[in-house]
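Raw contents of upload-v8.cif, mmCIF, C-alpha atoms:
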data_final
loop_
_atom_site.label_atom_id
_atom_site.label_comp_id
_atom_site.auth_asym_id
_atom_site.auth_seq_id
_atom_site.Cartn_x
_atom_site.Cartn_y
_atom_site.Cartn_z
CA MET L 25 0.00 0.00 0.00
CA THR L 26 2.64 2.55 1.00
CA GLY L 27 4.91 1.70 -1.92
CA LEU L 28 2.11 2.12 -4.43
CA ALA L 29 1.02 5.36 -2.76
CA ARG L 30 4.52 6.78 -3.06
CA SER L 31 4.69 5.76 -6.71
CA LEU L 32 1.53 7.83 -7.23
CA GLY L 33 3.17 10.89 -5.70
CA VAL L 34 1.70 10.70 -2.19
CA ARG L 35 3.89 12.09 0.59
CA ILE L 36 3.39 9.80 3.58
CA GLN L 37 3.79 11.23 7.05
CA GLU L 38 2.71 8.16 9.03
CA PRO L 39 2.59 4.68 7.41
CA THR L 40 0.87 2.82 10.26
CA PRO L 41 -2.18 0.87 9.03
CA PRO L 42 -5.61 2.05 10.19
CA ALA L 43 -7.61 0.46 12.99
CA ASP L 44 -10.74 -1.58 12.24
CA VAL L 45 -13.98 -0.18 13.64
CA PHE L 46 -17.21 -2.19 13.88
CA CYS L 47 -20.64 -1.10 15.04
CA SER L 48 -24.20 -2.25 14.40
CA ARG L 49 -27.35 -0.42 13.37
CA ALA L 50 -30.73 -2.10 12.98
CA GLY L 51 -29.10 -5.52 12.90
CA CYS L 52 -26.53 -4.64 10.22
CA ARG L 53 -22.87 -4.74 11.22
CA LEU L 54 -20.93 -1.84 9.74
CA HIS L 55 -17.19 -1.61 9.22
CA ALA L 56 -14.86 1.35 8.91
CA TYR L 57 -11.14 2.13 9.01
CA ASP L 58 -10.05 4.68 11.58
CA TRP L 59 -6.84 6.28 10.34
CA GLY L 60 -6.48 8.46 13.40
CA GLY L 61 -4.71 11.73 12.90
CA THR L 62 -5.26 15.16 14.35
CA GLY L 63 -7.49 18.00 13.23
CA PRO L 64 -11.12 18.05 12.11
CA ALA L 65 -13.04 14.77 11.87
CA VAL L 66 -13.49 13.68 8.23
CA LEU L 67 -15.62 10.73 7.12
CA LEU L 68 -14.92 9.36 3.63
CA LEU L 69 -17.61 7.51 1.65
CA HIS L 70 -16.74 5.37 -1.37
CA GLY L 71 -18.62 4.89 -4.63
CA GLY L 72 -20.81 1.98 -5.63
CA GLY L 73 -18.94 -1.29 -6.07
CA LEU L 74 -15.86 -0.02 -4.22
CA THR L 75 -14.81 -0.23 -0.57
CA ALA L 76 -13.24 1.94 2.12
CA HIS L 77 -9.85 0.87 0.73
CA THR L 78 -10.37 3.20 -2.24
CA TRP L 79 -9.34 6.00 0.16
CA ASP L 80 -6.11 4.35 1.37
CA PHE L 81 -3.75 6.54 -0.65
CA VAL L 82 -5.62 9.74 0.21
CA CYS L 83 -5.69 8.87 3.91
CA LEU L 84 -1.97 8.14 3.95
CA GLY L 85 -1.32 11.64 2.68
CA LEU L 86 -3.96 13.51 4.72
CA ARG L 87 -3.73 11.92 8.17
CA GLY L 88 -1.38 14.64 9.40
CA ASP L 89 -4.10 17.23 8.77
CA ALA L 90 -7.35 15.57 9.90
CA ARG L 91 -8.92 12.71 11.85
CA LEU L 92 -9.86 10.35 9.04
CA VAL L 93 -12.43 7.56 9.03
CA ALA L 94 -13.22 5.63 5.82
CA LEU L 95 -16.48 3.65 5.84
CA ASP L 96 -17.55 0.47 4.08
CA LEU L 97 -21.15 1.14 3.03
CA ARG L 98 -23.51 -1.72 3.83
CA GLY L 99 -23.28 -4.37 1.13
CA HIS L 100 -19.65 -3.42 0.45
CA GLY L 101 -16.28 -4.41 1.84
CA ASP L 102 -16.46 -5.81 5.36
CA SER L 103 -19.89 -4.40 6.19
CA ASP L 104 -22.87 -6.74 6.17
CA TRP L 105 -25.16 -7.28 3.21
CA SER L 106 -28.73 -6.12 3.69
CA ASP L 107 -32.21 -6.10 2.21
CA ASP L 108 -32.37 -2.32 2.67
CA TYR L 109 -30.09 -0.16 0.53
CA ARG L 110 -32.23 2.97 0.47
CA LEU L 111 -30.20 6.18 0.44
CA ALA L 112 -31.78 7.32 3.70
CA THR L 113 -30.72 4.05 5.33
CA LEU L 114 -27.16 4.41 4.08
CA ALA L 115 -27.08 7.99 5.36
CA GLU L 116 -28.18 6.93 8.84
CA ASP L 117 -25.43 4.29 8.81
CA VAL L 118 -22.92 7.11 8.42
CA VAL L 119 -24.39 8.93 11.39
CA ALA L 120 -24.31 5.72 13.43
CA VAL L 121 -20.59 5.30 12.80
CA ALA L 122 -19.97 8.93 13.76
CA ASP L 123 -21.95 8.41 16.96
CA HIS L 124 -20.05 5.21 17.74
CA LEU L 125 -16.77 7.13 17.49
CA GLY L 126 -18.06 10.10 19.47
CA LEU L 127 -17.81 12.48 16.53
CA ASP L 128 -20.44 15.17 16.96
CA ARG L 129 -19.52 17.46 14.04
CA VAL L 130 -17.88 16.08 10.91
CA ARG L 131 -16.69 16.99 7.45
CA LEU L 132 -17.66 14.61 4.66
CA VAL L 133 -15.97 13.43 1.49
CA GLY L 134 -18.10 11.36 -0.86
CA MET L 135 -17.22 9.90 -4.24
CA SER L 136 -20.04 9.10 -6.72
CA LEU L 137 -22.67 7.16 -4.72
CA GLY L 138 -20.82 8.18 -1.55
CA GLY L 139 -21.31 11.81 -2.51
CA VAL L 140 -25.07 11.31 -2.83
CA ILE L 141 -25.15 9.71 0.61
CA ALA L 142 -23.01 12.51 2.08
CA ALA L 143 -25.53 15.05 0.78
CA GLN L 144 -28.35 13.06 2.39
CA VAL L 145 -26.50 13.24 5.71
CA ALA L 146 -25.91 16.98 5.33
CA ASP L 147 -29.59 17.57 4.57
CA ALA L 148 -30.98 15.40 7.38
CA HIS L 149 -28.44 16.43 10.02
CA ARG L 150 -27.66 20.02 9.18
CA GLY L 151 -26.09 20.84 12.53
CA ARG L 152 -23.54 18.03 12.27
CA VAL L 153 -21.95 18.51 8.85
CA GLU L 154 -19.48 21.40 8.66
CA ARG L 155 -18.48 21.07 5.01
CA LEU L 156 -18.71 18.56 2.20
CA ALA L 157 -16.52 17.52 -0.72
CA LEU L 158 -18.14 15.73 -3.66
CA ILE L 159 -15.92 13.65 -5.94
CA ASP L 160 -17.11 13.45 -9.56
CA VAL L 161 -20.83 13.57 -8.93
CA ALA L 162 -23.37 16.32 -9.66
CA PRO L 163 -26.61 16.76 -11.63
CA GLY L 164 -26.07 15.82 -15.25
CA VAL L 165 -23.95 12.72 -14.58
CA ASP L 166 -23.79 10.13 -17.34
CA PHE L 167 -23.82 6.77 -15.58
CA ASP L 168 -24.39 5.02 -18.91
CA SER L 169 -20.68 5.60 -19.47
CA THR L 170 -19.95 3.26 -16.55
CA ARG L 171 -22.20 0.48 -17.81
CA ARG L 172 -19.33 -1.78 -18.94
CA VAL L 173 -17.56 -1.39 -15.60
CA ARG L 174 -20.75 -2.00 -13.62
CA GLU L 175 -21.58 -5.09 -15.68
CA PHE L 176 -18.04 -6.33 -15.18
CA LEU L 177 -18.24 -5.88 -11.39
CA ALA L 178 -21.69 -7.46 -11.23
CA GLY L 179 -20.39 -10.48 -13.16
CA LEU L 180 -17.49 -11.18 -10.85
CA GLY L 181 -17.58 -14.63 -9.29
CA PRO L 182 -15.19 -16.97 -7.50
CA VAL L 183 -11.78 -17.15 -9.18
CA ALA L 184 -8.65 -19.13 -8.45
CA ASP L 185 -6.26 -16.34 -9.42
CA LEU L 186 -6.83 -12.60 -9.01
CA ASP L 187 -4.53 -11.85 -11.95
CA THR L 188 -7.24 -13.09 -14.31
CA VAL L 189 -9.63 -10.51 -12.82
CA VAL L 190 -7.02 -7.76 -13.14
CA ASP L 191 -6.44 -8.66 -16.80
CA ALA L 192 -10.18 -8.58 -17.47
CA ALA L 193 -10.55 -5.23 -15.69
CA LEU L 194 -7.81 -3.71 -17.83
CA ARG L 195 -9.59 -4.86 -20.97
CA VAL L 196 -12.64 -2.92 -19.77
CA GLY L 197 -10.57 0.14 -18.77
CA PRO L 198 -7.28 0.00 -20.69
CA ARG L 199 -6.11 3.43 -19.45
CA ALA L 200 -6.11 2.30 -15.82
CA HIS L 201 -2.90 1.89 -13.83
CA ARG L 202 -2.28 -1.87 -13.53
CA ALA L 203 -0.79 -1.74 -10.05
CA SER L 204 -3.72 0.33 -8.80
CA VAL L 205 -6.23 -2.04 -10.38
CA ALA L 206 -4.47 -5.03 -8.83
CA TYR L 207 -4.57 -3.34 -5.43
CA ARG L 208 -8.27 -2.58 -5.81
CA MET L 209 -9.11 -6.14 -6.80
CA ARG L 210 -7.32 -7.50 -3.74
CA THR L 211 -9.60 -5.31 -1.62
CA LEU L 212 -12.78 -6.40 -3.42
CA PHE L 213 -12.26 -10.14 -2.83
CA ARG L 214 -11.75 -12.47 0.13
CA ARG L 215 -10.66 -16.08 0.32
CA GLY L 216 -13.61 -18.46 0.27
CA PRO L 217 -13.85 -21.74 2.21
CA GLY L 218 -12.63 -23.69 -0.82
CA GLY L 219 -9.58 -21.49 -1.39
CA ASP L 220 -10.97 -19.52 -4.32
CA TRP L 221 -11.26 -15.74 -4.23
CA VAL L 222 -14.88 -14.61 -3.84
CA PRO L 223 -16.28 -11.04 -4.14
CA LYS L 224 -17.03 -9.23 -0.89
CA GLY L 225 -19.78 -7.04 -2.31
CA ASP L 226 -23.47 -7.82 -2.61
CA PRO L 227 -24.06 -8.52 -6.35
CA ARG L 228 -27.70 -7.40 -6.31
CA PRO L 229 -28.21 -4.38 -8.58
CA HIS L 230 -28.35 -0.89 -7.14
CA ASP L 231 -31.45 1.31 -7.56
CA PHE L 232 -30.00 3.71 -10.14
CA ALA L 233 -33.32 5.47 -10.69
CA ALA L 234 -33.46 6.53 -7.03
CA THR L 235 -29.82 7.59 -7.08
CA LEU L 236 -30.22 9.69 -10.23
CA ALA L 237 -33.27 11.39 -8.75
CA ALA L 238 -31.29 12.18 -5.61
CA ILE L 239 -28.41 13.57 -7.67
CA ASP L 240 -30.78 15.96 -9.41
CA GLY L 241 -31.80 17.23 -5.96
CA LEU L 242 -28.26 17.84 -4.69
CA PRO L 243 -28.26 21.65 -5.00
CA GLY L 244 -31.30 21.94 -2.74
CA GLN L 245 -29.75 19.66 -0.12
CA LEU L 246 -26.50 21.58 0.09
CA THR L 247 -27.62 25.08 0.96
CA GLY L 248 -25.90 26.45 4.03
CA VAL L 249 -22.87 24.14 3.93
CA PRO L 250 -19.58 24.87 2.11
CA VAL L 251 -19.24 22.54 -0.88
CA LEU L 252 -16.25 21.53 -2.97
CA LEU L 253 -16.77 19.58 -6.20
CA VAL L 254 -13.72 17.73 -7.52
CA ARG L 255 -14.01 16.50 -11.09
CA GLY L 256 -11.69 14.10 -12.90
CA GLY L 257 -10.42 15.91 -15.99
CA ARG L 258 -10.94 12.86 -18.20
CA SER L 259 -14.09 11.65 -16.45
CA ARG L 260 -16.80 10.41 -18.79
CA VAL L 261 -19.31 10.43 -15.93
CA LEU L 262 -19.33 14.16 -15.16
CA SER L 263 -18.72 16.71 -17.90
CA ARG L 264 -17.01 20.03 -17.31
CA ALA L 265 -20.18 21.88 -18.28
CA ALA L 266 -22.31 19.92 -15.80
CA ALA L 267 -19.76 20.52 -13.03
CA GLU L 268 -19.69 24.25 -13.72
CA ARG L 269 -23.50 24.48 -13.74
CA PHE L 270 -23.62 22.76 -10.36
CA VAL L 271 -21.20 25.07 -8.55
CA GLU L 272 -23.08 28.06 -9.96
CA ARG L 273 -26.26 26.75 -8.30
CA VAL L 274 -24.68 26.11 -4.88
CA PRO L 275 -23.93 29.26 -2.86
CA GLY L 276 -20.19 29.35 -2.22
CA GLY L 277 -19.60 26.18 -4.23
CA ARG L 278 -16.09 25.62 -5.56
CA LEU L 279 -14.85 23.46 -8.43
CA VAL L 280 -11.45 21.81 -8.74
CA THR L 281 -10.56 19.74 -11.80
CA VAL L 282 -7.84 17.10 -11.52
CA PRO L 283 -6.49 16.79 -15.08
CA ASP L 284 -5.06 13.27 -15.17
CA ALA L 285 -7.95 11.45 -13.50
CA GLY L 286 -11.11 9.68 -14.52
CA HIS L 287 -14.15 9.00 -12.35
CA ASN L 288 -12.08 7.38 -9.57
CA VAL L 289 -10.07 10.49 -8.79
CA GLN L 290 -8.91 9.13 -5.42
CA GLU L 291 -7.18 6.20 -7.11
CA ASP L 292 -6.09 7.83 -10.37
CA ALA L 293 -4.51 10.96 -8.90
CA PRO L 294 -4.46 10.78 -5.10
CA ALA L 295 -1.70 13.37 -4.66
CA ALA L 296 -3.66 16.04 -6.52
CA LEU L 297 -6.84 15.15 -4.64
CA ILE L 298 -4.99 15.38 -1.32
CA THR L 299 -3.91 18.92 -2.19
CA ALA L 300 -7.48 19.95 -3.04
CA LEU L 301 -8.99 18.30 0.05
CA ARG L 302 -6.36 19.63 2.42
CA ASP L 303 -7.07 23.20 1.34
CA PHE L 304 -10.83 22.76 1.69
CA LEU L 305 -11.21 20.48 4.71
CA THR L 306 -8.71 22.03 7.09
CA ARG L 307 -9.96 25.62 6.93
#
In structure tokens, how does this file's structure come out?
Amino acid sequence: MTGLARSLGVRIQEPTPPADVFCSRAGCRLHAYDWGGTGPAVLLLHGGGLTAHTWDFVCLGLRGDARLVALDLRGHGDSDWSDDYRLATLAEDVVAVADHLGLDRVRLVGMSLGGVIAAQVADAHRGRVERLALIDVAPGVDFDSTRRVREFLAGLGPVADLDTVVDAALRVGPRAHRASVAYRMRTLFRRGPGGDWVPKGDPRPHDFAATLAAIDGLPGQLTGVPVLLVRGGRSRVLSRAAAERFVERVPGGRLVTVPDAGHNVQEDAPAALITALRDFLTR
């Protein structure tokens, strides 16, 4: 992890791995990584199909500036699967983790689906969210551009060798960094009882209609809270025009574009994202 982070330009102040955190809400066990650190409390929420590990490189570079906690959304990573993946439910999970850790006021970073959930938290718990950073999500997103990736992730099954999954992922996204893809795949799988690698995530499809409707409502949810939108410069999900329209609709909204990054800005260009987040989150 640290070697790959350094190769991506991340300056690491403290390489100690994070601590596991578990808590339960409504019968669902939730998992998070507590990176420690000093400064304001920051909760990081990953996108659909990813896990809390997607923030590893960013947390390695930011932990000297903030108290960082990266969550596994229910149905992802080491959190339980569920029959309830409504956005309001996922938002209350975030609040439950904050309560478990004794964090009264927090700053949120949410990528894609995680950004939608972060906005839900900010809207429902206005006194608890101090500021919010959205990563590559705003009204006007084109999730059809991620169809091949989503179909690939949904089709993952038990495999004997993770290299075959990495090779397949690179055929879907040939511009991706192989070492980063290999690292991600190791975090998306666990060893099964028979020795094969099995996906951690719940394969049941996400309710994209509900998510898209919530994305359209983001500007109304984010009044009264400082907002930073970070867009990947080569993202096919969020166009420059859509990003600019969004920040114009949000009072005090700011836009930062990371040139050499696609939708997964935190994995493609973590050093640049760290710079943008540090400036915004530690004010």
Please report the interatomic distance between atom CA of Val254 of chain L and atom CA of Leu279 of chain L in Å with one decimal.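 It comes out at 5.9 Å.
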Each residue of segment 107-156 of chain L with at least one atom at most 12 Å from segment 217-228 of chain L should appear once, together with its nearest atom pair and the corresponding distance in Å (one decimal); atoms considered: all atoms listed in the file; ordering: chain, then increasing residue number; output as CSV.
residue,atom,partner,partner_atom,distance
L:Asp107,CA,L:Arg228,CA,9.7
L:Asp108,CA,L:Arg228,CA,11.3
L:Tyr109,CA,L:Arg228,CA,10.2
Please work out which residues fall within 12 Å of (-22.2, 6.8, -20.2), coordinates as given in the file, with all atoms listed in the file counting, and return them as a list in words.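 The distance filter leaves exactly Gly164, Val165, Asp166, Phe167, Asp168, Ser169, Thr170, Arg171, Arg172, Val173, Arg174, Ser259, Arg260, Val261, Leu262, Ser263 and His287 of chain L.
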Which residues come within 9 Å of Glu38 of chain L, counting only C-alpha atoms, excluding same-chain residues fewer than 5 positions away, as a list in words? Leu84, Gly85, Arg87 and Gly88 of chain L
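Atom CA of Ala122 of chain L lies 15.5 Å from atom CA of Cys52 of chain L.
Of note, atom CA of Val130 of chain L and atom CA of Val153 of chain L are spaced 5.2 Å apart.
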Test item: residues at most 8 Å from Asp104 of chain L, all atoms listed in the file, excluding those fewer than 4 positions along its chain, as a PDB file with C-alpha atoms, keeping the file's coordinate frame:
ATOM      1  CA  CYS L  52     -26.530  -4.640  10.220  1.00  0.00           C
ATOM      2  CA  ARG L  53     -22.870  -4.740  11.220  1.00  0.00           C
ATOM      3  CA  LEU L  54     -20.930  -1.840   9.740  1.00  0.00           C
ATOM      4  CA  ARG L  98     -23.510  -1.720   3.830  1.00  0.00           C
ATOM      5  CA  GLY L  99     -23.280  -4.370   1.130  1.00  0.00           C
ATOM      6  CA  HIS L 100     -19.650  -3.420   0.450  1.00  0.00           C
TER       7      HIS L 100
END
Exactly which residues make up the result of the PyMOL selection byres ((chain L and resi 116) around 12) on this file, given as a ChimeraX atom specification? /L:48-50,52,54,97-98,108-115,117-123,141-149
List, as a PyMOL selection string, every residue that the PyMOL selection byres ((chain L and resi 136) around 9) selects in the file provided. chain L and resi 69-72+134-135+137-141+158-162+287-288
For a quick check of understanding, using all atoms listed in the file, which of L:Gly257, L:Gly216, L:Gly286, L:Gly277 has the smallest distance to Ala157 of chain L?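 Nearest to Ala157 of chain L: L:Gly277.
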Show me the residues close to (-19.9, 24.1, -3.1) - anything with an atom within 9 Å, counting all atoms listed in the file - and format the list as a PyMOL selection string. chain L and resi 155-158+243+246-247+249-253+270-279
Pick out the residues sitting within 7 Å of Ala90 of chain L, and hand them over as a ChimeraX atom specification; count all atoms listed in the file, and ignore anything fewer than 6 positions along from it in its own chain. /L:61-66
Check which residues satisfy the PyMOL selection byres ((chain L and resi 59) around 6) in the file shown, then give them as a count of residues only. 5
For each of L:Leu236, L:Ala200, L:Leu186, L:Leu86, take the minimum atom-to-atom distance to Thr306 of chain L, counting all atoms listed in the file, then give the residue where this is smallest.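 Going through L:Leu236, L:Ala200, L:Leu186, L:Leu86 one by one, the smallest distance to Thr306 of chain L is for L:Leu86.
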Pick out the residues sitting within 8 Å of Met25 of chain L, and hand them over as a PDB file with C-alpha atoms, in the coordinates of the input; count only C-alpha atoms, and ignore anything fewer than 3 positions along from it in its own chain.
ATOM      1  CA  LEU L  28       2.110   2.120  -4.430  1.00  0.00           C
ATOM      2  CA  ALA L  29       1.020   5.360  -2.760  1.00  0.00           C
ATOM      3  CA  ASP L  80      -6.110   4.350   1.370  1.00  0.00           C
ATOM      4  CA  PHE L  81      -3.750   6.540  -0.650  1.00  0.00           C
ATOM      5  CA  TYR L 207      -4.570  -3.340  -5.430  1.00  0.00           C
TER       6      TYR L 207
END
So, with all atoms listed in the file as the atoms that count, which of L:Phe46, L:Phe176, L:Ser106, L:His230 lies closest to Arg195 of chain L?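 Selected residue with least distance to Arg195 of chain L: L:Phe176.
Across L:Leu67, L:Cys83, L:Thr75, L:Arg258, the tightest approach to Arg129 of chain L is made by L:Leu67 when counting only C-alpha atoms.
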